[in-house]
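Asks: Contents of model-v5.txt (compact mmCIF, C-alpha atoms) are given next:
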# COMPACT_ATOMS: atom_id res chain seq x y z
CA MET A 1 -61.96 11.56 70.91
CA SER A 2 -61.15 15.28 71.34
CA THR A 3 -57.70 14.25 72.60
CA LEU A 4 -57.12 12.35 69.35
CA ILE A 5 -58.14 15.44 67.40
CA LEU A 6 -55.72 17.56 69.47
CA ILE A 7 -52.90 15.12 68.74
CA CYS A 8 -53.81 15.17 65.03
CA SER A 9 -53.61 18.96 64.97
CA VAL A 10 -50.26 18.93 66.79
CA PHE A 11 -48.92 16.39 64.28
CA GLU A 12 -50.06 18.69 61.48
CA ILE A 13 -48.28 21.65 63.10
CA SER A 14 -45.09 19.62 63.60
CA TYR A 15 -45.14 18.31 60.05
CA SER A 16 -46.00 21.73 58.58
CA SER A 17 -43.15 23.32 60.50
CA LEU A 18 -40.74 20.71 59.19
CA ILE A 19 -41.93 21.34 55.63
CA ASP A 20 -41.50 25.12 56.08
CA VAL A 21 -37.96 24.75 57.43
CA THR A 22 -36.81 22.34 54.75
CA THR A 23 -38.39 24.41 51.96
CA GLU A 24 -36.82 27.62 53.24
CA LEU A 25 -33.40 25.96 53.49
CA GLU A 26 -33.91 24.19 50.15
CA VAL A 27 -33.25 20.80 51.75
CA TYR A 28 -34.70 17.94 49.77
CA GLY A 29 -34.15 14.21 50.22
CA GLY A 30 -31.92 12.58 52.79
CA SER A 31 -32.60 11.60 56.37
CA LEU A 32 -34.46 14.78 57.26
CA SER A 33 -36.90 14.25 54.41
CA ALA A 34 -37.39 10.61 55.42
CA ALA A 35 -38.08 11.70 59.02
CA GLY A 36 -40.67 14.17 57.79
CA ALA A 37 -42.37 11.47 55.73
CA GLY A 38 -42.52 9.22 58.78
CA ILE A 39 -44.04 11.99 60.89
CA ARG A 40 -46.62 12.64 58.16
CA ASN A 41 -47.47 8.94 58.00
CA ALA A 42 -47.85 8.83 61.79
CA GLY A 43 -50.26 11.76 61.59
CA ASP A 44 -52.26 9.94 58.93
CA CYS A 45 -52.47 6.87 61.17
CA VAL A 46 -53.68 8.92 64.13
CA ALA A 47 -56.26 10.63 61.93
CA GLN A 48 -57.48 7.25 60.71
CA ALA A 49 -57.70 6.01 64.31
CA ALA A 50 -59.75 9.08 65.24
CA ALA A 51 -62.10 8.57 62.29
CA THR A 52 -62.53 4.89 63.05
CA SER A 53 -63.11 5.40 66.77
CA ARG A 54 -66.70 6.45 66.15
CA PHE A 55 -67.62 2.88 65.19
CA LYS A 56 -68.25 0.31 67.91
CA THR A 57 -66.58 -2.39 65.82
CA GLY A 58 -63.46 -0.34 65.06
CA THR A 59 -61.50 -1.09 68.24
CA GLU A 60 -58.97 -3.39 66.61
CA ILE A 61 -58.37 -0.96 63.75
CA VAL A 62 -57.91 1.91 66.21
CA CYS A 63 -55.32 -0.14 68.13
CA ASP A 64 -53.51 -1.08 64.93
CA GLU A 65 -53.47 2.51 63.64
CA LEU A 66 -52.15 3.90 66.92
CA ARG A 67 -49.43 1.29 67.08
CA GLU A 68 -48.55 1.89 63.41
CA ALA A 69 -48.24 5.60 64.21
CA ALA A 70 -45.84 4.67 66.99
CA THR A 71 -43.79 2.58 64.57
CA CYS A 72 -43.64 5.47 62.08
CA LEU A 73 -42.44 7.82 64.82
CA SER A 74 -39.86 5.33 66.02
CA GLU A 75 -38.46 5.11 62.49
CA SER A 76 -38.57 8.91 62.26
CA THR A 77 -36.45 9.28 65.38
CA ASP A 78 -33.90 6.92 63.84
CA LYS A 79 -33.84 9.06 60.68
CA LEU A 80 -33.57 12.24 62.75
CA ARG A 81 -30.53 10.83 64.57
CA VAL A 82 -28.89 10.26 61.18
CA ALA A 83 -29.89 13.77 60.08
CA VAL A 84 -28.28 15.23 63.21
CA LYS A 85 -25.01 13.49 62.30
CA GLU A 86 -25.32 14.70 58.70
CA TYR A 87 -25.70 18.32 59.83
CA GLU A 88 -22.87 17.98 62.32
CA ALA A 89 -20.68 16.72 59.47
CA LYS A 90 -21.70 19.81 57.45
CA ASP A 91 -20.70 22.01 60.43
CA ASP A 92 -24.28 23.22 60.76
CA GLU A 93 -24.50 22.98 64.54
CA ALA A 94 -27.65 25.13 64.75
CA MET A 95 -29.67 22.75 62.56
CA ALA A 96 -28.15 19.71 64.29
CA LYS A 97 -29.20 21.06 67.71
CA CYS A 98 -32.66 21.92 66.41
CA LEU A 99 -33.18 18.40 65.11
CA GLU A 100 -31.67 16.84 68.21
CA SER A 101 -34.10 18.76 70.41
CA SER A 102 -37.00 17.08 68.61
CA LEU A 103 -35.83 13.54 69.36
CA VAL A 104 -37.15 13.25 72.93
CA PRO A 105 -40.62 14.71 72.24
CA ILE A 106 -41.13 12.50 69.19
CA LYS A 107 -39.94 9.40 71.04
CA THR A 108 -42.24 10.28 73.95
CA VAL A 109 -45.22 10.44 71.58
CA CYS A 110 -44.11 7.18 70.02
CA LEU A 111 -44.16 5.44 73.40
CA ALA A 112 -47.43 7.11 74.40
CA LEU A 113 -49.23 5.96 71.23
CA GLU A 114 -47.90 2.44 71.56
CA SER A 115 -48.99 2.36 75.19
CA ALA A 116 -52.44 3.75 74.35
CA GLY A 117 -52.93 1.18 71.59
CA ALA A 118 -51.84 -1.63 73.90
CA GLY A 119 -54.08 -0.25 76.65
CA ILE A 120 -57.12 -0.27 74.36
CA MET A 121 -56.35 -3.84 73.36
CA LYS A 122 -56.01 -4.87 77.03
CA ARG A 123 -59.19 -2.97 77.92
CA SER A 124 -57.40 -0.65 80.35
CA SER A 125 -59.39 2.13 81.97
CA LEU A 126 -60.30 5.18 79.91
CA LYS A 127 -58.41 7.33 82.39
CA GLU A 128 -55.21 5.34 81.83
CA ILE A 129 -55.56 5.37 78.03
CA GLY A 130 -56.47 9.06 77.98
CA SER A 131 -53.47 9.92 80.14
CA ARG A 132 -51.22 8.38 77.47
CA PHE A 133 -52.72 10.64 74.80
CA VAL A 134 -52.34 13.68 77.04
CA GLU A 135 -48.74 12.75 77.83
CA GLY A 136 -47.93 12.49 74.12
CA GLY A 137 -49.70 15.72 73.25
CA ILE A 138 -47.96 17.66 76.01
CA SER A 139 -44.54 16.45 74.90
CA LEU A 140 -45.15 17.78 71.39
CA VAL A 141 -46.33 21.17 72.56
CA GLN A 142 -43.37 21.81 74.87
Step by step, read the file and then write its structure as structure tokens.

Replies:
Amino acid sequence: MSTLILICSVFEISYSSLIDVTTELEVYGGSLSAAGAGIRNAGDCVAQAAATSRFKTGTEIVCDELREAATCLSESTDKLRVAVKEYEAKDDEAMAKCLESSLVPIKTVCLALESAGAGIMKRSSLKEIGSRFVEGGISLVQ
């Protein structure tokens, strides 16, 4: 459960950073905003999974929330790809590179959460499921 809390806090940091950047640059709407909303929604799903995990009967909900978080992040990477192209078209290479550098870590978390949710559903070992959470958390911190 502490790994879920760590991932929640990393999501909060990632989302807060995105809000700070877009506010400072006065960027509202568009693909970048949609990506931020998806990241926020993924964080909400992970938080719900963490809250539900304390109940013995919450396994299915935890799986669903983790997999929904993965879906949100997958959609966010799609939006970020569009945002990269938008900033390249505006000749803002610095912002385009910054956004592009976030694609792999977010996609890695997406795959890790999906894998963890599937692992819980398949009753994989705790070590295997936990390693997915750690893998996702590490990719966000790097």

Asks: Please tell me which residues are no farther than 10 Å from (-60.7, 6.5, 66.5) in the file, counting all atoms listed in the file, and write them as a list in words.

Replies: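 Output: Met1, Leu4, Ile5, Cys45, Val46, Ala47, Gln48, Ala49, Ala50, Ala51, Thr52, Ser53, Arg54, Phe55, Lys56, Gly58, Thr59, Ile61, Val62, Cys63, Glu65 and Leu66 of chain A.
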
Asks: List every protein, DNA or RNA residue that has an atom no more than 8 Å from (-39.0, 9.5, 64.4) in the file's coordinate frame, counting only C-alpha atoms, and report them as a PyMOL selection string.

Replies: chain A and resi 35+38-39+72-80+103+106-107+110

Asks: Quick one, how far is atom CA of A:Ala116 from atom CA of A:Thr71?

Replies: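 About the pair atom CA of A:Ala116 and atom CA of A:Thr71: they are 13.1 Å apart.
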
Asks: Return the single residue from A:Arg67, A:Ala42, A:Thr57, A:Lys90 that is closest to A:Gly119, with distances computed using all atoms listed in the file.

Replies: A:Arg67

Asks: Could you name the residues that touch A:Ala112 at 10 Å or less, counting only C-alpha atoms, but leaving out those on the same chain fewer than 6 positions away, as a PyMOL selection string?

Replies: chain A and resi 66-67+70+106+118+129-137+139

Asks: Where's the centre, and what are the edge lengths in Å to one decimal, of a box along x, y and z enclosing all listed atoms of stretch 96-108 of chain A padded 5 Å per side, as JSON?

Replies:
{"center_x": -35.2, "center_y": 15.7, "center_z": 69.1, "size_x": 24.1, "size_y": 22.5, "size_z": 19.7}

Asks: Give me, please, the distance in Å between atom CA of A:Leu126 and atom CA of A:Asn41, quoted to one decimal.

Replies: 25.7 Å

Asks: Can you tell me how far atom CA of A:Leu32 sits from atom CA of A:Glu68, in Å to one decimal?

Replies: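 So the answer is 20.1 Å.
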
Asks: Between A:Leu140, A:Leu113, A:Glu86, A:Asp44, which residue has the minimum interatomic distance to A:Ser101, considering only C-alpha atoms?

Replies: A:Leu140

Asks: Of the candidates A:Val141, A:Lys127, A:Lys122, A:Tyr87, which one gets nearest to A:Ser102 if we count all atoms listed in the file?

Replies: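 The answer is A:Val141, which sits nearest to A:Ser102.
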
Asks: Let me make sure I understand: among A:Met121, A:Val84, A:Asp64, A:Ala69, which one has the smallest atom-to-atom distance to A:Leu99 if we use all atoms listed in the file?

Replies: A:Val84
